[in-house]
Every structure is written in structure tokens, then in C-alpha cells.
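Data block below; observations after.
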Amino acid sequence: MHLSFLHRPIHLLAALSLLMLLTACQVSAPQAMLEDYTARMSNVLTTDIKLNLGEAALAIPAFPAKRDRVVATQELREGLWDVLDFRQCDMLSLISERNSSLGKVMLPSQKMRYELRFIVALQACRKILVDIEEPDDTQLAFQERLDAIYQTKSDNLPREIWNGIYGADEISQHFKIGTPPLALDTDSGNPPRYALQQLSGLATLSRTDSITLPAWLEQVEAPYETLHHSEFGASLLSSLVMMTQTLDRTAQAIETRLQAKPFCFPGHKPPRATTLYNVFQKFYAGKVQPYMAVIQRQGSPWFALHDELIQQLPATDSMNDYRQQVLGMNVDGSLWDQWVKARQRHTQAWQDILGQCNMMPGSQTRTD
């Protein structure tokens with residue numbers, strides 16, 4: 001009795017471990033759907049289709065580490081400042097923010113916001129000085145220093161905005177490897193995409209001479225909070241590579257089958273043609289295509305935003321390499337490019353085999 005009582009925790013621990021193992025090994029609904037589709041195609045084509053969807057999701061290029069994403073920023077040269085001169089522009093409190101203990105350890109997002117506010121204040125200060133009708137030598141000297149400060153800050157602003165976006169920890173979790181794919185029917189990309197759109201709008205500000213700060217910048221952490229509570233980007237990458245492999249290998253199986261011998265002969269439609277058409281209608285058109293639409297609808301604007309940002313702002317070499325491998329929408333061999341080509345290849349393969357059997361959707365003689 002006593003020994004049995006002692007063994008209970010061990011048995012309980014073993015049961016919990018088994019439960020965790022079974023949970024970890026569960027295949028996601030999208031992966032199961034894709035594997036079911038290829039299994040049916042393999043059967044009807046009598047051609048083996050091997051998928052390694054889990055491995056494909058783990059083989060996505062790694063997102064650069066933070067130290068390889070952050071760019072060096074240019075600080076003001078010593079001797080350029082004479083803080084008291086900025087009293088006439090009401091900038092002393094803003095300057096003190098940066099010089100405080102908290103100001104010296106600002107998060108990338110807060111530093112970005114500060115630099116935007118500072119350059120807007122500099123613009124207003126320059127206007128004040130320009131409007132002075134008969135400036136004295138002191139004011140002229142200050143105006144000269146102010147112009148130099150403004151030029152330094154203006155040149156530096158794209159770097160600060162880059163660090164504010166891609167130097168933030170919140171963005172990196174959208175590129176984690178091994179995240180489960182998007183759900184079969186999801187609109188989870190809308191909030192993080194809107195958050196990224198807000199941040200990307202700041203890149204445009206860095207190229208204008210007269211900056212008007214967006215109202216949401218007062219709550220600059222809001223888009224980061226949205227990004228923090230989502231793994232949309234990482235799930236999208238998993239979905240993308242899983243679907244790309246499925247489409248490519250299914251297309252290859254169809255091509256191989258047609259190269260070996262015709263699936264249908266003129267005037268003769270074998271019984272398996274009915275099975276083929278049922279797979280097309282029920283599993284490809286009915287299940288795979290809707291998921292393809294989810295990936296395209298959710299993924300295209302997300303990839304486009306990153307692709308444009310990396311090209312607009314002063315990205316690091318590591319991030320430019322990552323764009324070439326993953327995010328580039330018009331880059332040969334990128335993940336997005338592979339997805340587009342796999343989709344086209346798969347569509348053409350279906351057109352070839354259905355056309356050979358005179359079963360293209362809309363044809364009068366297709367098999368019911």
C-alpha cells in the first residue's frame with residue numbers, strides 16, 4: 001500500500017509526459033489537409049508524392065539577430081550644442097528628455113519617436129529665426145549652428161526609423177522558425193498588418209522636408225503591443241513553405257505521370273478519370289484553393305510592406321540578404337518567388353491533365 005502510494009507521482013508524471021508528447025506531435029489542420037490532398041493525388045496518379053512539410057517549415061532562413069539588424073546612428077558632434085540658445089525655441093524640456101537617465105536608455109521605438117519630435121521642433125525653431133527681420137551676430141551664429149544640427153538630424157532620421165522598426169524585439173517574433181501555420185480560415189493578419197502600416201508610414205516622413213507627426217505617435221507603443229501579441233508573420237512563413245512544397249511536388253507528380261504515358265487517350269476516358277476529377281473538385285478546389293487564397297490575401301500586403309521598407313530605409317547587409325532569401329517579392333529564388341512559381345506550375349499541371357481528359361471546368365464532356 002505504501003509503495004503503491006509512492007509510485008503514484010511517477011505514474012502521473014509519465015502520463016503527463018505522454019500527453020505533452022502526443023500534443024507536440026499533433027499535425028496542424030492545414031498540414032493534415034495538404035497531406036491528405038497529396039495522398040489522394042498519389043493514389044490516382046499511381047505516382048509517389050513525398051512531403052516533408054514539417055522539415056520545410058524548419059528550413060526557413062533564420063531572421064538576423066538584433067545585433068545584425070541595428071544600424072549605427074550619427075550623434076551630434078561635441079561643441080555643436082549651446083543648450084541655452086534653444087530657450088528662444090522652447091526646446092529645453094525636449095533636450096532634457098534625452099539627457100535624463102531614462103533618455104539614455106530609450107527603447108528603439110521611444111528613440112525613434114524622440115528623434116521625430118526633435119526634428120519637428122528644429123523645423124519650427126528655424127522658422128522662428130528666419131522670421132527675425134534684423135538678426136544680430138549671436139542670432140546669426142545660432143542659426144548657423146541650428147542648420148548644422150538640423151542637417152545632422154535629418155540625415156540620421158532614416159537610421160532612427162529603421163532601428164525603431166527592425167531593432168524592436170516585437171518584430172522578430174514574426175519571423176520565428178517552427179511556428180504552426182495559419183489556420184485554414186483566418187483573418188489574423190489584419191491587426192499586425194495595420195500596425196506595420198502605421199510604422200511604415202514613418203519611413204515616408206524621413207524623406208520629406210516638412211514633417212507633420214501622426215496623432216498616433218503619442219501612443220507609439222500601441223502598434224508594438226499589437227505586434228507583440230501576434231505571431232502572424234511566423235505562421236504565414238510556415239504556411240507559405242508548406243503550400244509551396246505541396247504545389248511543387250504535386251505538379252511534378254502530374255508532369256511525371258503525363259511524360260510516362262497519357263492519362264487519357266483520345267476517345268477513351270478510364271474510370272480513374274472520374275476519381276481524378278473528384279479529387280480536383282472536392283479536395284483541390286474545395287480545400288486547397290481556399291487556403292491558397294488565405295495565404296495570398298494575407299501574405300501579399302505583409303511581404304510588400306517589408307520588401308518596401310527594407311529598400312527605402314538604410315538596412316543592414318544581413319537584412320538585405322534576408323530580403324533576397326525571403327521577403328523580396330520580385331527577387332528570383334526568394335520564398336515569395338518560389339510560392340508564385342509553384343502556384344503557376346501547379347495550375348498548369350492541372351490544366352494539362354484535365355485538358356487531356358477533356359474535363360476542364362466548363363467543358364461539356366467532363367466526367368460527373
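By order in the C-alpha cells, chains are A, B, ...; within a chain, residues start at 1; ligands start at 1, following the order shown.
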Using 6 Å as the limit and counting only C-alpha atoms, can you tabulate each residue of segment 216-285 of chain A that touches segment 165-182 of chain A, with its shortest atom-to-atom distance in Å and the two atoms involved, as JSON lines?
{"residue": "A:Leu227", "atom": "CA", "partner": "A:Glu170", "partner_atom": "CA", "distance": 5.8}
{"residue": "A:His228", "atom": "CA", "partner": "A:Glu170", "partner_atom": "CA", "distance": 5.0}
{"residue": "A:Glu231", "atom": "CA", "partner": "A:His174", "partner_atom": "CA", "distance": 5.1}
{"residue": "A:Gly233", "atom": "CA", "partner": "A:His174", "partner_atom": "CA", "distance": 4.3}
{"residue": "A:Ala234", "atom": "CA", "partner": "A:His174", "partner_atom": "CA", "distance": 4.5}
{"residue": "A:Ser235", "atom": "CA", "partner": "A:Pro181", "partner_atom": "CA", "distance": 4.3}
{"residue": "A:Leu236", "atom": "CA", "partner": "A:Leu182", "partner_atom": "CA", "distance": 5.9}
{"residue": "A:Ser238", "atom": "CA", "partner": "A:Pro181", "partner_atom": "CA", "distance": 5.0}
{"residue": "A:Ser239", "atom": "CA", "partner": "A:Pro181", "partner_atom": "CA", "distance": 4.6}
Take the residues just selected and output them with C-alpha atoms as a tab-separated table (two decimals), in the first residue's frame.
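Saved the output as out-v7.tsv:
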chain	number	residue	atom	x	y	z
A	227	LEU	CA	2.86	43.01	-32.93
A	228	HIS	CA	3.85	41.57	-29.55
A	231	GLU	CA	2.80	35.55	-34.42
A	233	GLY	CA	4.26	36.66	-39.77
A	234	ALA	CA	5.88	33.48	-38.49
A	235	SER	CA	2.71	31.45	-39.15
A	236	LEU	CA	2.50	32.94	-42.63
A	238	SER	CA	5.21	28.25	-42.30
A	239	SER	CA	2.05	28.23	-44.41
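Around Met319 of chain A, within 12 Å and counting only C-alpha atoms, the residues found are Pro61, Ala62, Phe63, Pro64, Ala65, Lys66, Arg67, Asp68, Arg69, Val70, Val71, Trp162, Asn163, Tyr166, Gly167, Ser172, His306, Asp307, Leu309, Ile310, Gln311, Leu313, Gln325, Val326, Leu327 and Gly328 of chain A, once anything fewer than 6 positions away on its own chain is removed.
Restricting the calculation to only C-alpha atoms, the smallest distance between Lys261 of chain A and any of A:Glu308, A:Leu45, A:Asp248, A:Arg297 is found for A:Leu45.
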**Item:** Residue nearest Leu184 of chain A among A:Ala29, A:Leu217, A:Leu122, A:Met360 (counting only C-alpha atoms)
**Value:** A:Ala29
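The smallest atom-to-atom distance between Gln356 of chain A and any of A:Val120, A:Glu75, A:Asp317, A:His268, using only C-alpha atoms, is found for A:His268.
Residues lying within 9 Å of Ala121 of chain A, counting only C-alpha atoms and ignoring same-chain neighbours fewer than 3 positions away, are Cys89, Asp90, Met91, Leu94, Leu116, Arg117, Phe118, Ala124, Cys125 and Arg126 of chain A.
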Output C-alpha atoms of each residue in that selection to a file, as a short mmCIF file (atom, residue, chain, number, x, y, z; two decimals), in the first residue's frame.
data_model
loop_
_atom_site.label_atom_id
_atom_site.label_comp_id
_atom_site.auth_asym_id
_atom_site.auth_seq_id
_atom_site.Cartn_x
_atom_site.Cartn_y
_atom_site.Cartn_z
CA CYS A 89 12.60 77.99 -29.37
CA ASP A 90 11.14 76.45 -26.20
CA MET A 91 13.21 73.27 -26.70
CA LEU A 94 12.76 68.28 -25.06
CA LEU A 116 10.87 62.69 -34.93
CA ARG A 117 9.67 65.15 -32.29
CA PHE A 118 13.11 66.75 -32.15
CA ALA A 124 9.84 75.27 -36.02
CA CYS A 125 12.96 76.80 -34.49
CA ARG A 126 14.47 77.50 -37.91
#
**Request:** Once DSSP has gone over the backbone, tell me which residues of segment 173-360 of chain A are in alpha helix (DSSP H), as a ChimeraX atom specification.
**Result:** /A:190-205,221-228,232-260,271-278,289-312,317-322,335-356
**Request:** Please identify all polymer residues within 12 Å of Gly201 of chain A, counting only C-alpha atoms, omitting same-chain residues fewer than 3 positions from it, and present them as an MDAnalysis selection string.
**Result:** chainID A and resid 158 161:162 165 194:198 204:208 211:214 216:217 305 308:309 312:313
**Prompt:** What's the 12 Å shell around Gln259 of chain A, counting only C-alpha atoms, without same-chain residues fewer than 4 positions away, as a VMD selection string?
**Reply:** chain A and resid 47 252 to 255 263 349 352 to 353
**Message:** Can you tell me which residues surround Arg249 of chain A at a distance of at most 12 Å, considering only C-alpha atoms, apart from same-chain residues fewer than 6 positions away, and format the answer as a list in words?
**Reply:** Leu34, Glu35, Tyr37, Thr38, Ala39, Met41, Ser42, Thr47, Asp48, Ile49, Lys50, Leu51, Asn52, Leu53, Met242, Met243, Glu255, Thr256, Ala342, Arg343, Arg345, His346 and Ala349 of chain A
Same residues, C-alpha atoms, saved as a PDB file, in the first residue's frame:
ATOM      1  CA  LEU A  34      -2.248  19.216 -47.599  1.00  0.00           C
ATOM      2  CA  GLU A  35      -1.022  15.709 -46.815  1.00  0.00           C
ATOM      3  CA  TYR A  37      -4.638  16.073 -50.824  1.00  0.00           C
ATOM      4  CA  THR A  38      -1.265  14.748 -51.978  1.00  0.00           C
ATOM      5  CA  ALA A  39      -2.087  11.240 -50.750  1.00  0.00           C
ATOM      6  CA  MET A  41      -3.292  12.575 -55.881  1.00  0.00           C
ATOM      7  CA  SER A  42      -0.570   9.993 -55.354  1.00  0.00           C
ATOM      8  CA  THR A  47       2.940   8.133 -58.544  1.00  0.00           C
ATOM      9  CA  ASP A  48       4.604   8.534 -55.159  1.00  0.00           C
ATOM     10  CA  ILE A  49       4.445  12.064 -53.731  1.00  0.00           C
ATOM     11  CA  LYS A  50       6.673  12.580 -50.720  1.00  0.00           C
ATOM     12  CA  LEU A  51       6.126  15.592 -48.494  1.00  0.00           C
ATOM     13  CA  ASN A  52       8.329  16.870 -45.672  1.00  0.00           C
ATOM     14  CA  LEU A  53       6.194  19.788 -44.574  1.00  0.00           C
ATOM     15  CA  MET A 242       4.267  24.122 -46.723  1.00  0.00           C
ATOM     16  CA  MET A 243       1.963  25.148 -49.537  1.00  0.00           C
ATOM     17  CA  GLU A 255       4.141  16.079 -65.058  1.00  0.00           C
ATOM     18  CA  THR A 256       5.953  12.782 -64.439  1.00  0.00           C
ATOM     19  CA  ALA A 342       4.849  26.796 -57.577  1.00  0.00           C
ATOM     20  CA  ARG A 343       1.312  28.137 -57.846  1.00  0.00           C
ATOM     21  CA  ARG A 345       3.317  25.355 -62.155  1.00  0.00           C
ATOM     22  CA  HIS A 346       0.596  23.541 -60.229  1.00  0.00           C
ATOM     23  CA  ALA A 349      -0.167  20.817 -64.469  1.00  0.00           C
TER      24      ALA A 349
END
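Comparing A:Ala285, A:Ile128, A:Ala32, A:Leu157 by their smallest distance to Gln143 of chain A, the closest is A:Ile128 (using only C-alpha atoms).
In terms of minimum interatomic distance to Pro314 of chain A, A:Ala203 ranks closest within A:Ile119, A:Ala203, A:Ile132, A:Val220, counting only C-alpha atoms.
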Find the spatial neighbours of Gly355 of chain A, counting only C-alpha atoms, within a cut-off of 12 Å - ignore same-chain residues fewer than 6 positions away - and output them as an mmCIF file with N, CA and C atoms, in the first residue's frame.
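The result, written out as result_8.cif:
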data_model
loop_
_atom_site.group_PDB
_atom_site.id
_atom_site.type_symbol
_atom_site.label_atom_id
_atom_site.label_comp_id
_atom_site.auth_asym_id
_atom_site.auth_seq_id
_atom_site.Cartn_x
_atom_site.Cartn_y
_atom_site.Cartn_z
ATOM 1 N N LEU A 258 2.277 12.264 -66.840
ATOM 2 C CA LEU A 258 1.939 12.550 -68.237
ATOM 3 C C LEU A 258 3.108 12.272 -69.174
ATOM 4 N N PRO A 262 0.074 8.856 -71.561
ATOM 5 C CA PRO A 262 -1.123 9.678 -71.381
ATOM 6 C C PRO A 262 -2.012 9.136 -70.264
ATOM 7 N N PHE A 263 -2.620 10.045 -69.528
ATOM 8 C CA PHE A 263 -3.588 9.648 -68.510
ATOM 9 C C PHE A 263 -4.912 9.272 -69.166
ATOM 10 N N CYS A 264 -5.268 10.005 -70.200
ATOM 11 C CA CYS A 264 -6.453 9.706 -71.006
ATOM 12 C C CYS A 264 -6.041 9.661 -72.469
ATOM 13 N N PHE A 265 -6.633 8.724 -73.220
ATOM 14 C CA PHE A 265 -6.384 8.629 -74.653
ATOM 15 C C PHE A 265 -7.566 9.233 -75.407
ATOM 16 N N PRO A 266 -7.339 9.699 -76.632
ATOM 17 C CA PRO A 266 -8.440 10.263 -77.416
ATOM 18 C C PRO A 266 -9.594 9.271 -77.545
ATOM 19 N N LYS A 269 -11.817 7.475 -71.895
ATOM 20 C CA LYS A 269 -11.648 8.078 -70.585
ATOM 21 C C LYS A 269 -11.738 6.964 -69.548
ATOM 22 N N ALA A 273 -10.335 8.527 -64.290
ATOM 23 C CA ALA A 273 -10.550 9.933 -64.631
ATOM 24 C C ALA A 273 -11.641 10.538 -63.757
ATOM 25 N N TYR A 277 -11.145 13.749 -61.265
ATOM 26 C CA TYR A 277 -11.977 14.947 -61.273
ATOM 27 C C TYR A 277 -12.601 15.195 -59.898
ATOM 28 N N THR A 347 -1.000 25.026 -61.299
ATOM 29 C CA THR A 347 -2.172 25.347 -62.123
ATOM 30 C C THR A 347 -2.009 24.796 -63.533
ATOM 31 N N GLN A 348 -0.815 24.969 -64.096
ATOM 32 C CA GLN A 348 -0.565 24.480 -65.453
ATOM 33 C C GLN A 348 -0.640 22.959 -65.515
ATOM 34 N N ALA A 349 -0.125 22.283 -64.489
ATOM 35 C CA ALA A 349 -0.167 20.817 -64.469
ATOM 36 C C ALA A 349 -1.606 20.317 -64.457
ATOM 37 N N PRO A 361 -12.905 22.482 -66.227
ATOM 38 C CA PRO A 361 -14.147 23.081 -65.729
ATOM 39 C C PRO A 361 -14.810 23.937 -66.803
ATOM 40 N N GLY A 362 -16.100 23.657 -67.036
ATOM 41 C CA GLY A 362 -16.832 24.378 -68.069
ATOM 42 C C GLY A 362 -16.967 23.610 -69.363
ATOM 43 N N SER A 363 -16.136 22.542 -69.549
ATOM 44 C CA SER A 363 -16.266 21.747 -70.773
ATOM 45 C C SER A 363 -17.508 20.871 -70.684
ATOM 46 N N THR A 365 -18.075 17.910 -71.860
ATOM 47 C CA THR A 365 -17.923 16.456 -71.846
ATOM 48 C C THR A 365 -17.184 15.942 -70.623
ATOM 49 N N ARG A 366 -17.025 16.801 -69.595
ATOM 50 C CA ARG A 366 -16.289 16.336 -68.425
ATOM 51 C C ARG A 366 -17.063 15.221 -67.717
#
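Between Gln219 of chain A and the candidates A:Gln344, A:Asn320, A:Ser200, A:Ser109, the tightest atom-to-atom separation, counting only C-alpha atoms, involves A:Ser109.
Going from atom CA of Ala315 of chain A to atom CA of Glu218 of chain A covers 25.7 Å.
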**Å distance separating atom CA of Arg159 of chain A from atom CA of Met112 of chain A, one decimal place** = 9.0 Å
